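Worksheet for the structure shown next.
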Amino acid sequence: MQCKQQFRNLILSIISGAAAAALAIAVVFALVVLTQSAQAQSPAASAVWTEKVLHSFGNGTDGVSPQAGLISDAAGNLYGTTSSGGTYTYYGTVFELTPTAGGGWTEQVLHSFNNNGTDGLYPSSGLIFDAAGNLYGTTSGGGDYSCNGSSQCGTVFELSPTEGGGWTETVLHSFGNGTDGIVPYANLVFDTAGNLYGTTQYGGTYGGGTVFELSPTAGGGRTEQVLYSFNCTGPDGCWPEASLIFDAVGNLYGTTSYGGTYFPFGTAFELTPAAGGGWTEQVLHSFGSGIDGAYPHARLIFDAVGNLYGTTGGGGLWGYGTVFELAPTVGGGWMETVLYSFCWQTNCADGWMPDAGLIFDAAGNLYGTTYYGGAYNYSGTVFELTPAAGGGWTERVLYSFGSGTDGASPQAGLIFDASGNFYGTTYSGGTYNYGTAFELTPVYPCAKCSHSMLREGDVLPAERRDVLEHGRDRTN
């Protein structure tokens with residue numbers, strides 16, 4: 001969190017200079033600007049989504065300031081973390097949101113992190129499930145080892161449901177011993193054998209962060225192995241904040257928020273397992289050249305043909321962040337294309353500074369969030385990018401945060417439910433100004449929505465059919 005906040009402060013402090021530079025670049029790249037101008041649409045003109053705050057954080061011993069997104073179980077319950085708050089005031093929580101019969105949601109704190117010398121502190125990551133229903137995550141502080149005189153090394157933890165309805169926490173690994181990594185910000189990921197993989201922002205052999213693996217042992221614990229140590233000197237990336245993804249053959253992909261050939265603007269990388277048991281890193285792209293994006297904080301995703309997509313918190317035509325694509329080339333390299341540069345519209349009504357990763361719908365549209373921008377300027381957005389017939393992408397803002405007791409500043413990405421509704425979190429805003437969990441629902445029935453899971457022949461309720469017929473000629 002500290003690194004991201006410093007980055008936001010840096011961007012805000014140089015905003016006037018960045019804007020001036022962007023205007024100069026715009027003259028040179030007039031054709032690009034005109035193309036993007038045609039793509040960007042007014043949020044008000046195409047708003048077809050309605051938001052509902054499911055929970056406002058910060059009441060009593062509740063958690064506060066969620067930095068991570070949500071996950072759902074098979075019953076439709078939502079799970080997540082807050083980076084602070086809880087029974088012990090400052091150290092964060094794991095929570096569950098359960099839908100009620102009347103249409104509301106009930107929150108239960110499953111675990112409050114405790115500064116007791118061994119528990120984790122300040123969970124910045126989201127959660128993942130295993131097949132048995134246990135939850136796994138990371139904390140950026142706490143654990144057995146003290147870093148630089150404070151308990152900021154971090155942990156990997158597991159939460160297991162008990163017969164009585166509670167949850168038991170187990171610290172699987174405490175970071176900070178020797179050349180181990182420290183300060184894990186990102187989500188974990190499983191391989192098919194049940195091993196856990198993740199990143200730490202700092203630590204490792206060179207202090208630039210690590211990629212690690214946690215393997216189950218016969219006695220029930222887990223053993224950690226550092227697969228790669230990043231180095232801030234040279235062309236390598238460093239300070240990874242994002243989670244990893246696998247391809248079909250077991251290679252890992254991720255981003256670093258710093259480092260690279262155009263230091264300090266970050267990289268996208270691949271880790272490939274070697275025959276002898278090690279891992280080999282390849283930098284797929286160094287950000288920061290020309291009007292390229294800069295400072296990627298989020299994970300990557302694949303499309304069906306093997307292209308990678310992600311976001312950068314800065315850079316682009318205007319300096320306010322991008323959505324990019326990395327496509328493999330015949331010679332074995334990767335070619336990057338900036339699909340959208342944020343803050344084209346007046347007052348950045350199209351959003352700026354996307355901190356989170358993207359998700360696809362079945363039609364190939366991309367969805368994400370921006371921490372700033374939108375109709376209320378500094379409160380953030382949910383956006384959609386749609387591929388155009390001519391090869392470009394069209395952006396539209398589905399929702400602008402910041403009105404009244406609404407949430408503000410979404411730092412995490414989105415998830416779909418089976419009906420095509422979005423769920424996510426905001427870092428601030430809400431009734432107590434400590435963040436929210438929210439749902440975005442299309443105003444029109446799902447047959448109208450490009451991401452819909454409604455199939456031909458499915459029957460709509462009568463009241464929703466009426467809305468569809470009356471709204472068919474309106475512009476999305």
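Letters A, B, ... go to the chains of the structure tokens in the order shown; residues in each chain start at 1; ligands are counted from 1 in the same order.
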All residues 10 Å or closer to A:Thr233, only C-alpha atoms, same chain fewer than 6 positions away omitted, as number ranges by chain: A: 206, 208, 259-261, 263-264
Filtered DSSP result for stretch 110-160 of chain A, state strand (DSSP E or B), as a list in words: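 Answer for stretch 110-160 of chain A, restricted to strand (DSSP E or B): Leu110, His111, Ser112, Gly120, Leu121, Ile128, Phe129, Leu135, Tyr136, Gly137, Thr138, Thr139, Gly141, Gly142, Cys147, Ser150, Thr155, Val156, Phe157, Glu158, Leu159 and Ser160 of chain A.
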Who sits within 8 Å of A:Trp279, only C-alpha atoms, same chain under 4 positions skipped, as an MDAnalysis selection string: chainID A and resid 227:228 271:274
Saved selection, atoms kept: N, CA and C atoms, as a short mmCIF file (atom, residue, chain, number, x, y, z; two decimals), in the first residue's frame:
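And here's selection-v8.cif as it stands now:
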```cif
data_model
loop_
_atom_site.label_atom_id
_atom_site.label_comp_id
_atom_site.auth_asym_id
_atom_site.auth_seq_id
_atom_site.Cartn_x
_atom_site.Cartn_y
_atom_site.Cartn_z
N LEU A 227 11.76 -18.76 -6.27
CA LEU A 227 12.00 -19.18 -7.65
C LEU A 227 12.81 -18.16 -8.42
N TYR A 228 12.65 -16.87 -8.05
CA TYR A 228 13.38 -15.84 -8.77
C TYR A 228 13.49 -14.60 -7.89
N LEU A 271 8.27 -16.45 -16.42
CA LEU A 271 9.16 -17.40 -15.76
C LEU A 271 8.87 -18.80 -16.30
N THR A 272 9.92 -19.45 -16.79
CA THR A 272 9.79 -20.77 -17.40
C THR A 272 10.54 -21.80 -16.58
N PRO A 273 9.89 -22.92 -16.21
CA PRO A 273 10.60 -23.96 -15.45
C PRO A 273 11.65 -24.64 -16.32
N ALA A 274 12.84 -24.79 -15.76
CA ALA A 274 13.94 -25.43 -16.49
C ALA A 274 13.97 -26.93 -16.19
#
```
Compile a residue-level contact table for stretch 152-220 of chain A against stretch 89-105 of chain A at a cut-off of 12 Å, reporting for every qualifying residue the shortest atom pair and its distance in Å to one decimal, with only C-alpha atoms counted, rows ordered by chain and ascending number, as JSON lines.
```
{"residue": "A:Gln152", "atom": "CA", "partner": "A:Tyr91", "partner_atom": "CA", "distance": 11.6}
{"residue": "A:Gly154", "atom": "CA", "partner": "A:Tyr91", "partner_atom": "CA", "distance": 12.0}
{"residue": "A:Phe157", "atom": "CA", "partner": "A:Val94", "partner_atom": "CA", "distance": 10.9}
{"residue": "A:Glu158", "atom": "CA", "partner": "A:Val94", "partner_atom": "CA", "distance": 10.8}
{"residue": "A:Leu159", "atom": "CA", "partner": "A:Val94", "partner_atom": "CA", "distance": 9.0}
{"residue": "A:Ser160", "atom": "CA", "partner": "A:Val94", "partner_atom": "CA", "distance": 12.0}
{"residue": "A:Gly166", "atom": "CA", "partner": "A:Glu96", "partner_atom": "CA", "distance": 11.5}
{"residue": "A:Trp167", "atom": "CA", "partner": "A:Val94", "partner_atom": "CA", "distance": 10.1}
{"residue": "A:Thr168", "atom": "CA", "partner": "A:Val94", "partner_atom": "CA", "distance": 11.5}
{"residue": "A:Glu169", "atom": "CA", "partner": "A:Val94", "partner_atom": "CA", "distance": 10.3}
```
Go ahead and write the selection's residues with N, CA and C atoms as a PDB file, in the first residue's frame.
```pdb
ATOM      1  N   GLN A 152       7.230  -5.761   9.450  1.00  0.00           N
ATOM      2  CA  GLN A 152       6.686  -5.480   8.129  1.00  0.00           C
ATOM      3  C   GLN A 152       7.090  -6.517   7.097  1.00  0.00           C
ATOM      4  N   GLY A 154       5.653  -9.783   6.536  1.00  0.00           N
ATOM      5  CA  GLY A 154       4.517 -10.392   5.879  1.00  0.00           C
ATOM      6  C   GLY A 154       4.396 -11.886   6.054  1.00  0.00           C
ATOM      7  N   PHE A 157      -1.217 -16.978   4.784  1.00  0.00           N
ATOM      8  CA  PHE A 157      -2.095 -17.585   5.792  1.00  0.00           C
ATOM      9  C   PHE A 157      -3.173 -18.435   5.131  1.00  0.00           C
ATOM     10  N   GLU A 158      -3.743 -19.324   5.946  1.00  0.00           N
ATOM     11  CA  GLU A 158      -4.873 -20.158   5.555  1.00  0.00           C
ATOM     12  C   GLU A 158      -5.973 -19.994   6.591  1.00  0.00           C
ATOM     13  N   LEU A 159      -7.213 -19.910   6.143  1.00  0.00           N
ATOM     14  CA  LEU A 159      -8.384 -19.909   7.025  1.00  0.00           C
ATOM     15  C   LEU A 159      -9.224 -21.130   6.704  1.00  0.00           C
ATOM     16  N   SER A 160      -9.469 -21.948   7.742  1.00  0.00           N
ATOM     17  CA  SER A 160     -10.225 -23.189   7.558  1.00  0.00           C
ATOM     18  C   SER A 160     -11.531 -23.122   8.339  1.00  0.00           C
ATOM     19  N   GLY A 166     -17.226 -21.247  12.853  1.00  0.00           N
ATOM     20  CA  GLY A 166     -16.147 -20.276  12.846  1.00  0.00           C
ATOM     21  C   GLY A 166     -15.071 -20.630  11.833  1.00  0.00           C
ATOM     22  N   TRP A 167     -13.961 -19.920  11.934  1.00  0.00           N
ATOM     23  CA  TRP A 167     -12.827 -20.144  11.048  1.00  0.00           C
ATOM     24  C   TRP A 167     -11.547 -20.119  11.870  1.00  0.00           C
ATOM     25  N   THR A 168     -10.617 -21.012  11.556  1.00  0.00           N
ATOM     26  CA  THR A 168      -9.326 -21.090  12.236  1.00  0.00           C
ATOM     27  C   THR A 168      -8.226 -20.639  11.282  1.00  0.00           C
ATOM     28  N   GLU A 169      -7.371 -19.727  11.752  1.00  0.00           N
ATOM     29  CA  GLU A 169      -6.280 -19.241  10.920  1.00  0.00           C
ATOM     30  C   GLU A 169      -4.986 -19.974  11.229  1.00  0.00           C
TER      31      GLU A 169
END
```
Among the residues A:Leu244, A:Ala362, A:Met353, A:Cys238, the one that comes closest to A:Thr256 [using only C-alpha atoms]: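 Closest residue, counting only C-alpha atoms: A:Cys238.
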Between atom CA of A:Thr329 and atom CA of A:Tyr262, distance in Å (one decimal):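 Calculated distance between atom CA of A:Thr329 and atom CA of A:Tyr262 is 21.4 Å.
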One-decimal distance in Å that lies between atom CA of A:Pro161 and atom CA of A:Gly220: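 Straight-line distance from atom CA of A:Gly220 to atom CA of A:Pro161 works out to 16.6 Å.
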Minimum-distance residue to A:Asn195, chosen among A:Tyr88, A:Phe342, A:Tyr136, A:Trp334 (using only C-alpha atoms): A:Tyr136
Atom CA of A:Gly58 to atom CA of A:Gly85, straight-line distance in Å: 7.3 Å
For A:Asp247, the nearest of the candidates A:Ala275, A:Ala268, A:Ala131, A:Leu300, counting only C-alpha atoms: A:Leu300
Nearest-residue call for A:Asn421, choices A:Asp406, A:Glu107, A:Asp355, A:Glu439, using only C-alpha atoms: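 Closest to A:Asn421 of all the choices is A:Glu439.
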Shell of 6 Å around A:Ser229, only C-alpha atoms, local chain residues under 2 positions omitted, as a ChimeraX atom specification: /A:204-205,209-210
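Minimum atom-to-atom distances from A:Thr106, A:Thr61, A:Thr441, A:Ser243 to A:Phe422 were compared using only C-alpha atoms, and the lowest value belongs to A:Thr441.
Nearest to A:Pro296 of all the residues A:Phe246, A:Phe265, A:Trp352, A:Phe190 is A:Phe265, counting only C-alpha atoms.
Near stretch 426-435 of chain A, within a cut-off of 7 Å and counting only C-alpha atoms, sit the residues Ser56, Phe57, Gly58, Asn59, Val64, Ser65, Pro66, Gln67, Thr405, Asp406, Gly407, Ala408, Ser409, Pro410 and Gln411 of chain A, with same-chain residues fewer than 3 positions away left out.
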Could you save the residues just selected, with C-alpha atoms, as a tab-separated table (two decimals), in the first residue's frame?
```tsv
chain	number	residue	atom	x	y	z
A	56	SER	CA	-20.11	0.10	4.12
A	57	PHE	CA	-17.00	-0.70	6.12
A	58	GLY	CA	-15.89	0.98	9.32
A	59	ASN	CA	-18.68	0.50	11.88
A	64	VAL	CA	-11.77	-0.68	6.95
A	65	SER	CA	-10.16	0.25	3.64
A	66	PRO	CA	-10.38	-2.84	1.41
A	67	GLN	CA	-7.58	-2.84	-1.16
A	405	THR	CA	-22.53	7.99	0.50
A	406	ASP	CA	-21.35	5.99	-2.48
A	407	GLY	CA	-17.95	4.30	-2.45
A	408	ALA	CA	-14.87	5.96	-3.90
A	409	SER	CA	-11.43	5.03	-5.21
A	410	PRO	CA	-11.71	1.39	-6.31
A	411	GLN	CA	-8.27	-0.16	-6.05
```
Residue list (alpha helix (DSSP H), DSSP) for stretch 11-226 of chain A, as a PyMOL selection string: chain A and resi 11-13+15-28+30-39
